[in-house]
Amino acid sequence: MTSQDWAGRGLAAVVDRVGVTAAEVGARFPLYADPGDGTWTTTGRGSWAGGFWAGLLWLRARRTGEEADRQAAAACTARLAPWVEADTAARGLIFWYGTALAEDDTDAVALRERAAGACLAAYEPEPGMVPWGGAFGGPRMLARVDGVPGMVPLLAGAGSEGAAVAAAHLHRHLDFCLGEGPVQGQWSYPAWSFDSATGWEPRADPPEDWSRGHAWLLLAVSDALLRPEALVGQEWFAEAAERMLAEGEFLTGPLVAPAETARPQGPLDTSAAAITAVALLKLARVPGPRAAACSDRAVAILRRLAEAHLSGGEAGRPAGMLLDGCYDAGRGLAVRHELVWGDFFLALGLAELAGAVDLTRV
């Protein structure tokens with residue numbers, strides 16, 4: 001069986017699931033779905049994950065070629081507009097992944113440009129980053145690893161100033177997360193807060209062993225390495241990628257890791273695996289001795305997800321659900337569920353294998 005066979009079938013199942021979900025949620029945004037019957041928990045504004053739903057709709061529109069599907073994707077993307085002025089680095093996730101597949105849709109492109117400009121204006125030169133912000137509560141001056149993916153390509157497209165800020169933003173988070181900052185080590189904390197009296201301090205939540213945090217960072221570095229003409233610091237980013245590949249379990253260990261690696265008997269997180277697979281497929285496009293290994297590992301992960309974790313319509317639940325995703329293990333929130341961002345990255349990886357998208361552009 002060729003990769004196109006199983007990848008094409010998996011992609012078709014996920015895209016069909018998008019149609020079922022669209023009919024269920026209407027103008028709301030799906031967040032996570034019950035693993036038993038596939039019923040979605042939704043949000044009115046999309047939260048930090050709204051761009052992934054828009055991205056899935058754009059992917060469906062690309063696949064079907066139907067004007068109605070394109071209009072549905074465009075309408076969903078337009079509903080993301082209130083987030084442009086929201087104080088959060090999650091705008092990288094929202095507006096890059098919500099628009100990158102929109103091809104020549106002028107409204108989506110204009111929205112992405114507005115969002116990039118707003119994020120550029122939010123840059124704080126002293127810490128060298130766009131802060132996580134206060135949109136979701138908590139301290140504003142927070143560095144979180146999930147505030148980097150999406151933000152790198154979003155800013156990199158905003159001219160030379162945007163590219164410089166993208167590089168600085170990634171560099172700052174790599175300092176913290178790879179242990180070059182206040183705490184030394186192979187892998188440090190995925191979130192840090194700033195206090196005027198004590199400076200930067202690590203936060204306990206998310207935990208150090210958060211597998212999705214590791215995947216988010218690898219994805220951000222892969223995006224930087226695919227933009228050598230835009231981002232300065234490419235040699236340092238390449239060294240960071242090599243270090244992560246050598247010291248982490250991206251190329252070894254289980255294809256689908258636990259949500260918290262220190263709890264091997266705890267819930268898995270298929271969304272982290274899907275993000276990792278896309279990051280590795282991108283790194284496979286970067287010349288180097290590990291390119292072939294990155295490609296092979298990505299294909300193995302995607303095949304495991306498609307064949308072992310994608311529902312087939314059994315037991316009364318819909319087909320095309322990427323099961324065994326974990327939203328938040330510590331809080332026990334949606335620990336074995338379908339997650340909208342897991343669906344998105346699985347679909348994106350499968351679409352790359354099927355020749356339907358170019359990951360250097362997404």
# chains A, B, ... in the order shown; residues from 1 in each chain; ligands from 1
>>> closest_atom_pairs(of="stretch 325-347 of chain A", to="stretch 38-43 of chain A", cutoff="12 Å", atoms="only C-alpha atoms", output="JSON lines")
{"residue": "A:Leu333", "atom": "CA", "partner": "A:Thr41", "partner_atom": "CA", "distance": 11.6}
{"residue": "A:Ala334", "atom": "CA", "partner": "A:Thr41", "partner_atom": "CA", "distance": 9.8}
{"residue": "A:Arg336", "atom": "CA", "partner": "A:Gly38", "partner_atom": "CA", "distance": 11.7}
{"residue": "A:His337", "atom": "CA", "partner": "A:Gly38", "partner_atom": "CA", "distance": 8.7}
{"residue": "A:Glu338", "atom": "CA", "partner": "A:Gly38", "partner_atom": "CA", "distance": 7.8}
{"residue": "A:Leu339", "atom": "CA", "partner": "A:Trp40", "partner_atom": "CA", "distance": 9.3}
{"residue": "A:Val340", "atom": "CA", "partner": "A:Trp40", "partner_atom": "CA", "distance": 9.5}
>>> write_last_selection(atoms="N, CA and C atoms", output="JSON list (two decimals), in the first residue's frame")
[["chain", "number", "residue", "atom", "x", "y", "z"],
["A", 333, "LEU", "N", -9.27, 17.83, 31.66],
["A", 333, "LEU", "CA", -10.19, 18.40, 30.68],
["A", 333, "LEU", "C", -9.99, 17.74, 29.31],
["A", 334, "ALA", "N", -11.03, 17.11, 28.80],
["A", 334, "ALA", "CA", -11.02, 16.51, 27.46],
["A", 334, "ALA", "C", -9.75, 15.69, 27.23],
["A", 336, "ARG", "N", -9.35, 12.39, 26.39],
["A", 336, "ARG", "CA", -9.32, 11.34, 25.35],
["A", 336, "ARG", "C", -10.24, 11.73, 24.19],
["A", 337, "HIS", "N", -10.22, 12.97, 23.84],
["A", 337, "HIS", "CA", -11.20, 13.54, 22.94],
["A", 337, "HIS", "C", -10.64, 13.84, 21.55],
["A", 338, "GLU", "N", -11.55, 14.17, 20.67],
["A", 338, "GLU", "CA", -11.19, 14.76, 19.39],
["A", 338, "GLU", "C", -10.98, 16.25, 19.62],
["A", 339, "LEU", "N", -9.85, 16.78, 19.17],
["A", 339, "LEU", "CA", -9.52, 18.19, 19.35],
["A", 339, "LEU", "C", -9.44, 18.84, 17.98],
["A", 340, "VAL", "N", -9.99, 20.04, 17.84],
["A", 340, "VAL", "CA", -10.05, 20.65, 16.51],
["A", 340, "VAL", "C", -8.66, 20.90, 15.95]]
>>> select_by_dssp(residues="stretch 130-345 of chain A", states="alpha helix (DSSP H)", output="JSON, numbers by chain")
{"A": [151, 152, 153, 154, 155, 156, 159, 160, 161, 162, 163, 164, 165, 166, 167, 168, 169, 170, 171, 172, 173, 174, 175, 176, 177, 211, 212, 213, 214, 215, 216, 217, 218, 219, 220, 221, 222, 223, 224, 225, 234, 235, 236, 237, 238, 239, 240, 241, 242, 243, 244, 245, 246, 247, 270, 271, 272, 273, 274, 275, 276, 277, 278, 279, 280, 281, 282, 283, 291, 292, 293, 294, 295, 296, 297, 298, 299, 300, 301, 302, 303, 304, 340, 341, 342, 343, 344, 345]}
>>> residues_around(residues="stretch 323-332 of chain A", least_positions_apart="4", cutoff="12 Å", atoms="only C-alpha atoms", output="number ranges by chain")
A: 14, 31-38, 49, 204-207, 209-213, 256-263, 265-275, 304-312, 317-319, 336-343, 346
>>> closest_residue(among="A:Ala230, A:Leu281, A:Val362, A:Ala81", to="A:Ile94", atoms="only C-alpha atoms")
A:Ala81
>>> residues_around(residues="A:Pro153", least_positions_apart="3", cutoff="10 Å", atoms="only C-alpha atoms", output="count of residues only")
24
>>> decode(residues="stretch 52-95 of chain A", atoms="N, CA and C atoms", output="PDB file, in the first residue's frame")
ATOM      1  N   PHE A  52      -7.980  27.156  13.637  1.00  0.00           N
ATOM      2  CA  PHE A  52      -7.858  25.790  13.134  1.00  0.00           C
ATOM      3  C   PHE A  52      -9.158  25.321  12.484  1.00  0.00           C
ATOM      4  N   TRP A  53     -10.285  25.794  13.012  1.00  0.00           N
ATOM      5  CA  TRP A  53     -11.558  25.451  12.373  1.00  0.00           C
ATOM      6  C   TRP A  53     -11.665  26.139  11.009  1.00  0.00           C
ATOM      7  N   ALA A  54     -11.298  27.417  10.954  1.00  0.00           N
ATOM      8  CA  ALA A  54     -11.291  28.100   9.665  1.00  0.00           C
ATOM      9  C   ALA A  54     -10.346  27.394   8.693  1.00  0.00           C
ATOM     10  N   GLY A  55      -9.180  26.978   9.189  1.00  0.00           N
ATOM     11  CA  GLY A  55      -8.230  26.263   8.337  1.00  0.00           C
ATOM     12  C   GLY A  55      -8.783  24.967   7.794  1.00  0.00           C
ATOM     13  N   LEU A  56      -9.506  24.231   8.622  1.00  0.00           N
ATOM     14  CA  LEU A  56     -10.123  22.984   8.155  1.00  0.00           C
ATOM     15  C   LEU A  56     -11.174  23.265   7.080  1.00  0.00           C
ATOM     16  N   LEU A  57     -11.921  24.338   7.251  1.00  0.00           N
ATOM     17  CA  LEU A  57     -12.917  24.684   6.238  1.00  0.00           C
ATOM     18  C   LEU A  57     -12.248  25.077   4.922  1.00  0.00           C
ATOM     19  N   TRP A  58     -11.130  25.799   4.987  1.00  0.00           N
ATOM     20  CA  TRP A  58     -10.398  26.132   3.763  1.00  0.00           C
ATOM     21  C   TRP A  58      -9.834  24.871   3.109  1.00  0.00           C
ATOM     22  N   LEU A  59      -9.375  23.941   3.926  1.00  0.00           N
ATOM     23  CA  LEU A  59      -8.849  22.693   3.369  1.00  0.00           C
ATOM     24  C   LEU A  59      -9.960  21.916   2.663  1.00  0.00           C
ATOM     25  N   ARG A  60     -11.152  21.898   3.277  1.00  0.00           N
ATOM     26  CA  ARG A  60     -12.284  21.241   2.628  1.00  0.00           C
ATOM     27  C   ARG A  60     -12.622  21.930   1.306  1.00  0.00           C
ATOM     28  N   ALA A  61     -12.628  23.262   1.301  1.00  0.00           N
ATOM     29  CA  ALA A  61     -12.956  24.001   0.082  1.00  0.00           C
ATOM     30  C   ALA A  61     -11.954  23.710  -1.025  1.00  0.00           C
ATOM     31  N   ARG A  62     -10.684  23.603  -0.666  1.00  0.00           N
ATOM     32  CA  ARG A  62      -9.658  23.246  -1.651  1.00  0.00           C
ATOM     33  C   ARG A  62      -9.930  21.864  -2.238  1.00  0.00           C
ATOM     34  N   ARG A  63     -10.307  20.939  -1.369  1.00  0.00           N
ATOM     35  CA  ARG A  63     -10.473  19.552  -1.810  1.00  0.00           C
ATOM     36  C   ARG A  63     -11.713  19.378  -2.678  1.00  0.00           C
ATOM     37  N   THR A  64     -12.813  20.036  -2.293  1.00  0.00           N
ATOM     38  CA  THR A  64     -14.064  19.823  -3.020  1.00  0.00           C
ATOM     39  C   THR A  64     -14.190  20.746  -4.235  1.00  0.00           C
ATOM     40  N   GLY A  65     -13.601  21.936  -4.160  1.00  0.00           N
ATOM     41  CA  GLY A  65     -13.764  22.908  -5.228  1.00  0.00           C
ATOM     42  C   GLY A  65     -15.146  23.529  -5.278  1.00  0.00           C
ATOM     43  N   GLU A  66     -15.956  23.284  -4.270  1.00  0.00           N
ATOM     44  CA  GLU A  66     -17.330  23.795  -4.264  1.00  0.00           C
ATOM     45  C   GLU A  66     -17.362  25.246  -3.776  1.00  0.00           C
ATOM     46  N   GLU A  67     -18.099  26.078  -4.480  1.00  0.00           N
ATOM     47  CA  GLU A  67     -18.210  27.482  -4.100  1.00  0.00           C
ATOM     48  C   GLU A  67     -18.866  27.638  -2.736  1.00  0.00           C
ATOM     49  N   ALA A  68     -19.836  26.790  -2.414  1.00  0.00           N
ATOM     50  CA  ALA A  68     -20.494  26.878  -1.114  1.00  0.00           C
ATOM     51  C   ALA A  68     -19.499  26.619   0.016  1.00  0.00           C
ATOM     52  N   ASP A  69     -18.576  25.685  -0.202  1.00  0.00           N
ATOM     53  CA  ASP A  69     -17.567  25.397   0.818  1.00  0.00           C
ATOM     54  C   ASP A  69     -16.591  26.570   0.950  1.00  0.00           C
ATOM     55  N   ARG A  70     -16.244  27.192  -0.164  1.00  0.00           N
ATOM     56  CA  ARG A  70     -15.355  28.357  -0.095  1.00  0.00           C
ATOM     57  C   ARG A  70     -16.036  29.489   0.665  1.00  0.00           C
ATOM     58  N   GLN A  71     -17.311  29.698   0.413  1.00  0.00           N
ATOM     59  CA  GLN A  71     -18.031  30.757   1.107  1.00  0.00           C
ATOM     60  C   GLN A  71     -18.131  30.470   2.604  1.00  0.00           C
ATOM     61  N   ALA A  72     -18.314  29.207   2.963  1.00  0.00           N
ATOM     62  CA  ALA A  72     -18.369  28.846   4.384  1.00  0.00           C
ATOM     63  C   ALA A  72     -17.032  29.120   5.069  1.00  0.00           C
ATOM     64  N   ALA A  73     -15.936  28.797   4.385  1.00  0.00           N
ATOM     65  CA  ALA A  73     -14.612  29.064   4.941  1.00  0.00           C
ATOM     66  C   ALA A  73     -14.374  30.561   5.095  1.00  0.00           C
ATOM     67  N   ALA A  74     -14.766  31.321   4.087  1.00  0.00           N
ATOM     68  CA  ALA A  74     -14.575  32.772   4.132  1.00  0.00           C
ATOM     69  C   ALA A  74     -15.395  33.399   5.252  1.00  0.00           C
ATOM     70  N   ALA A  75     -16.627  32.927   5.431  1.00  0.00           N
ATOM     71  CA  ALA A  75     -17.484  33.472   6.481  1.00  0.00           C
ATOM     72  C   ALA A  75     -16.915  33.170   7.859  1.00  0.00           C
ATOM     73  N   CYS A  76     -16.393  31.968   8.037  1.00  0.00           N
ATOM     74  CA  CYS A  76     -15.796  31.592   9.320  1.00  0.00           C
ATOM     75  C   CYS A  76     -14.569  32.454   9.601  1.00  0.00           C
ATOM     76  N   THR A  77     -13.734  32.652   8.583  1.00  0.00           N
ATOM     77  CA  THR A  77     -12.535  33.475   8.756  1.00  0.00           C
ATOM     78  C   THR A  77     -12.907  34.894   9.132  1.00  0.00           C
ATOM     79  N   ALA A  78     -13.935  35.431   8.528  1.00  0.00           N
ATOM     80  CA  ALA A  78     -14.376  36.788   8.852  1.00  0.00           C
ATOM     81  C   ALA A  78     -14.794  36.896  10.316  1.00  0.00           C
ATOM     82  N   ARG A  79     -15.340  35.822  10.875  1.00  0.00           N
ATOM     83  CA  ARG A  79     -15.770  35.849  12.275  1.00  0.00           C
ATOM     84  C   ARG A  79     -14.593  35.897  13.242  1.00  0.00           C
ATOM     85  N   LEU A  80     -13.375  35.686  12.743  1.00  0.00           N
ATOM     86  CA  LEU A  80     -12.193  35.787  13.593  1.00  0.00           C
ATOM     87  C   LEU A  80     -11.750  37.240  13.796  1.00  0.00           C
ATOM     88  N   ALA A  81     -12.293  38.155  13.028  1.00  0.00           N
ATOM     89  CA  ALA A  81     -11.816  39.546  13.007  1.00  0.00           C
ATOM     90  C   ALA A  81     -11.726  40.196  14.388  1.00  0.00           C
ATOM     91  N   PRO A  82     -12.669  39.966  15.319  1.00  0.00           N
ATOM     92  CA  PRO A  82     -12.541  40.622  16.631  1.00  0.00           C
ATOM     93  C   PRO A  82     -11.249  40.296  17.371  1.00  0.00           C
ATOM     94  N   TRP A  83     -10.606  39.192  17.003  1.00  0.00           N
ATOM     95  CA  TRP A  83      -9.364  38.822  17.688  1.00  0.00           C
ATOM     96  C   TRP A  83      -8.171  39.667  17.250  1.00  0.00           C
ATOM     97  N   VAL A  84      -8.304  40.434  16.191  1.00  0.00           N
ATOM     98  CA  VAL A  84      -7.171  41.246  15.718  1.00  0.00           C
ATOM     99  C   VAL A  84      -6.658  42.147  16.836  1.00  0.00           C
ATOM    100  N   GLU A  85      -7.546  42.758  17.571  1.00  0.00           N
ATOM    101  CA  GLU A  85      -7.147  43.705  18.619  1.00  0.00           C
ATOM    102  C   GLU A  85      -7.050  43.057  19.992  1.00  0.00           C
ATOM    103  N   ALA A  86      -7.222  41.751  20.084  1.00  0.00           N
ATOM    104  CA  ALA A  86      -7.120  41.077  21.377  1.00  0.00           C
ATOM    105  C   ALA A  86      -5.667  41.032  21.834  1.00  0.00           C
ATOM    106  N   ASP A  87      -5.459  41.188  23.123  1.00  0.00           N
ATOM    107  CA  ASP A  87      -4.102  41.230  23.680  1.00  0.00           C
ATOM    108  C   ASP A  87      -3.619  39.805  23.955  1.00  0.00           C
ATOM    109  N   THR A  88      -3.152  39.138  22.909  1.00  0.00           N
ATOM    110  CA  THR A  88      -2.637  37.789  23.087  1.00  0.00           C
ATOM    111  C   THR A  88      -1.746  37.372  21.928  1.00  0.00           C
ATOM    112  N   ALA A  89      -0.661  36.672  22.265  1.00  0.00           N
ATOM    113  CA  ALA A  89       0.210  36.096  21.232  1.00  0.00           C
ATOM    114  C   ALA A  89      -0.451  34.913  20.547  1.00  0.00           C
ATOM    115  N   ALA A  90      -1.578  34.438  21.074  1.00  0.00           N
ATOM    116  CA  ALA A  90      -2.322  33.379  20.396  1.00  0.00           C
ATOM    117  C   ALA A  90      -2.868  33.845  19.054  1.00  0.00           C
ATOM    118  N   ARG A  91      -2.766  35.141  18.764  1.00  0.00           N
ATOM    119  CA  ARG A  91      -3.168  35.627  17.446  1.00  0.00           C
ATOM    120  C   ARG A  91      -2.332  34.982  16.335  1.00  0.00           C
ATOM    121  N   GLY A  92      -1.134  34.520  16.672  1.00  0.00           N
ATOM    122  CA  GLY A  92      -0.355  33.784  15.675  1.00  0.00           C
ATOM    123  C   GLY A  92      -1.074  32.516  15.252  1.00  0.00           C
ATOM    124  N   LEU A  93      -1.565  31.746  16.233  1.00  0.00           N
ATOM    125  CA  LEU A  93      -2.314  30.529  15.930  1.00  0.00           C
ATOM    126  C   LEU A  93      -3.608  30.860  15.190  1.00  0.00           C
ATOM    127  N   ILE A  94      -4.284  31.883  15.653  1.00  0.00           N
ATOM    128  CA  ILE A  94      -5.602  32.207  15.103  1.00  0.00           C
ATOM    129  C   ILE A  94      -5.504  32.666  13.648  1.00  0.00           C
ATOM    130  N   PHE A  95      -4.615  33.614  13.375  1.00  0.00           N
ATOM    131  CA  PHE A  95      -4.648  34.262  12.071  1.00  0.00           C
ATOM    132  C   PHE A  95      -3.706  33.648  11.045  1.00  0.00           C
TER     133      PHE A  95
END
